[in-house]
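Asker: Once you've had a glance at the structure underneath, I'll fire off some questions.
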Amino acid sequence: MITSDSVNGVVRRGRLGRTARFAARWRGRRDGARGVPRVPLPAPPPEEERGKTPPPPIEPPAPELLITPYVMEVRTGVRRATEQMRAALIGREHALLSRLRAESVRVVTQYDVREDPRPAALARYGHWMGQWRTSVDRCRSHAQAVVDQANQRLACYWDAVRETHPHLSRLPRRPPGDWLPGRVELDGSWYRPDVWLLADDDSARTATSRALHILERQNTDRVDGRTSR
């Protein structure tokens with residue numbers, strides 16, 4: 001059950017504190033003053049053309065040229081934190097995962113080997129699968145809060161870099177976060193929790209994937225049956 005306290009906790013974790021903002025901006029000002037990141041400059045115009053035409057507008061460098069040590073530090077911290085959250089989730093739900101894998105074998109045996117469908121057993125399997133997906137959804141909200149906070153740190157950092165960097169300070173001003181090299185994204189597997197069932201137990205991979213297919217097929221047939229009525 002998701003309570004208001006847990007929702008408020010996610011919101012608090014996604015908000016960047018004053019100390020973290022100050023640290024990110026301090027690092028950005030320091031890097032900018034040192035000329036970090038190193039930005040390749042466009043070739044200067046020929047000497048005879050200088051002063052005759054206005055200089056061309058400065059274009060933002062390619063994002064891959066702007067991965068500074070601080071950006072790598074933030075990204076590595078997020079990856080480590082979200083992996084720890086995933087490992088903790090799997091540890092907490094160990095009993096449920098074991099039950100799901102064992103039930104996957106029963107479902108496949110009943111439907112494919114014996115060819116004797118048991119909707120009640122499949123419904124029980126679907127109920128447990130729903131519990132697993134709900135647990136992942138809840139944990140994903142916390143992981144997303146970690147990602148959002150990291151991107152706030154990067155926004156503060158880059159805003160400060162542009163204040164002191166000799167070349168990036170010439171770029172047109174943009175709202176913080178609009179230009180965010182190294183932006184952090186949550187790993188896509190968080191949106192496909194069934195993959196974790198397959199990846200963490202190779203011995204049950206075939207049965208689990210087949211049982212999931214049977215479950216999804218029954219759900220699709222049920223929806224199609226309701227639509228045709």
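Chain labels run A, B, ... following the order of the structure tokens; each chain numbers its residues from 1, and ligands are numbered from 1 in the order shown.
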Out of stretch 12-212 of chain A, which residues get helix (DSSP H, G or I) from DSSP, as number ranges by chain?
Answerer: A: 12-14, 18-33, 47-49, 63-66, 69-92, 94-113, 119-164, 168-170, 188-191, 194-199, 202-212
Asker: Which neighbours of A:Ser98 fall inside 12 Å, counting only C-alpha atoms, when residues of the same chain fewer than 4 positions from it are skipped, and could you give them as an NGL selection string?
Answerer: :A and (90-94 or 102-105 or 128-129 or 132 or 197 or 200-201 or 204 or 208)
Asker: Quote the spacing between atom CA of A:Trp196 and atom CA of A:Gly77 in Å to one decimal place.
Answerer: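 A separation of 21.7 Å between them.
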Asker: For each of A:Leu186, A:Ala87, A:Ala145, A:Ile214, take the minimum atom-to-atom distance to A:Val108, counting only C-alpha atoms, then give the residue where this is smallest.
Answerer: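 Residue with the minimum atom-to-atom distance to A:Val108: A:Ile214.
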Asker: Calculated over only C-alpha atoms, which of the candidates A:Gly17, A:Pro117, A:Pro193, A:Pro60 has the smallest distance to A:Arg174?
Answerer: A:Pro60
Asker: Would you mind telling me which residue in A:Leu215, A:Gln131, A:Leu89, A:Val161 lies nearest to A:Arg118 when using only C-alpha atoms?
Answerer: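 Using only C-alpha atoms, the shortest distance to A:Arg118 belongs to A:Leu215.
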Asker: For each of A:Thr76, A:Thr82, A:Thr19, A:Asn219, take the minimum atom-to-atom distance to A:Val146, counting only C-alpha atoms, then give the residue where this is smallest.
Answerer: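 Of A:Thr76, A:Thr82, A:Thr19, A:Asn219, the one nearest A:Val146, counting only C-alpha atoms, is A:Thr82.
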Asker: Do you know which residues are at most 10 Å from A:Leu16 counting only C-alpha atoms, after dropping those on the same chain fewer than 5 positions away, and could you put them as a list in words?
Answerer: Arg21, Val146, Asp148, Gln149, Ala150, Asn151, Gln152 and Arg153 of chain A
Asker: In terms of the shortest atom-to-atom distance over only C-alpha atoms, which of A:Ala207, A:Tyr157, A:Leu97, A:Gly130 is closest to A:Ala23?
Answerer: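 Answer, going by the shortest atom-to-atom distance: A:Tyr157.
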Asker: I'd like the contact shell of A:Trp190 - 12 Å cut-off, only C-alpha atoms, skipping same-chain residues fewer than 3 positions apart - returned as a PyMOL selection string.
Answerer: chain A and resi 82-83+85-86+89+133-144+185-187+193-196
Asker: From the list A:Arg29, A:Met72, A:Ala160, A:Pro119, which residue is nearest A:Arg173 when using only C-alpha atoms?
Answerer: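 Of all the options, A:Ala160 lies closest to A:Arg173.
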Asker: Determine, counting only C-alpha atoms, which protein, DNA and RNA residues have an atom within 8 Å of an atom of A:Leu65; residues of the same chain fewer than 6 positions away are not included. Present the result as a PDB file with all heavy atoms, in the first residue's frame.
Answerer:
ATOM      1  N   PRO A  37      34.817  22.092 -19.024  1.00  0.00           N
ATOM      2  CA  PRO A  37      35.518  21.207 -19.959  1.00  0.00           C
ATOM      3  C   PRO A  37      36.266  21.975 -21.041  1.00  0.00           C
ATOM      4  O   PRO A  37      35.947  23.126 -21.320  1.00  0.00           O
ATOM      5  CB  PRO A  37      34.377  20.389 -20.566  1.00  0.00           C
ATOM      6  CG  PRO A  37      33.210  21.337 -20.561  1.00  0.00           C
ATOM      7  CD  PRO A  37      33.365  22.124 -19.279  1.00  0.00           C
ATOM      8  N   ARG A  38      37.243  21.308 -21.648  1.00  0.00           N
ATOM      9  CA  ARG A  38      37.974  21.913 -22.743  1.00  0.00           C
ATOM     10  C   ARG A  38      37.083  21.946 -23.980  1.00  0.00           C
ATOM     11  O   ARG A  38      36.632  20.906 -24.446  1.00  0.00           O
ATOM     12  CB  ARG A  38      39.239  21.120 -23.064  1.00  0.00           C
ATOM     13  CG  ARG A  38      40.129  20.873 -21.848  1.00  0.00           C
ATOM     14  CD  ARG A  38      40.648  22.170 -21.255  1.00  0.00           C
ATOM     15  NE  ARG A  38      41.449  21.924 -20.051  1.00  0.00           N
ATOM     16  CZ  ARG A  38      41.879  22.874 -19.247  1.00  0.00           C
ATOM     17  NH1 ARG A  38      41.576  24.136 -19.494  1.00  0.00           N
ATOM     18  NH2 ARG A  38      42.602  22.582 -18.187  1.00  0.00           N
ATOM     19  N   VAL A  39      36.819  23.125 -24.458  1.00  0.00           N
ATOM     20  CA  VAL A  39      35.901  23.289 -25.576  1.00  0.00           C
ATOM     21  C   VAL A  39      36.701  23.678 -26.814  1.00  0.00           C
ATOM     22  O   VAL A  39      37.417  24.681 -26.798  1.00  0.00           O
ATOM     23  CB  VAL A  39      34.847  24.375 -25.267  1.00  0.00           C
ATOM     24  CG1 VAL A  39      33.917  24.560 -26.451  1.00  0.00           C
ATOM     25  CG2 VAL A  39      34.063  24.010 -24.019  1.00  0.00           C
TER      26      VAL A  39
END
Asker: What does the distance from atom CA of A:Trp158 to atom CA of A:Pro40 come to in Å, to one decimal?
Answerer: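 Result for atom CA of A:Trp158 versus atom CA of A:Pro40: 17.5 Å, one decimal.
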Asker: Between atom CA of A:Thr206 and atom CA of A:Thr220, what is the distance, to one decimal in Å?
Answerer: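 So the two atoms, atom CA of A:Thr206 and atom CA of A:Thr220, lie 21.1 Å apart.
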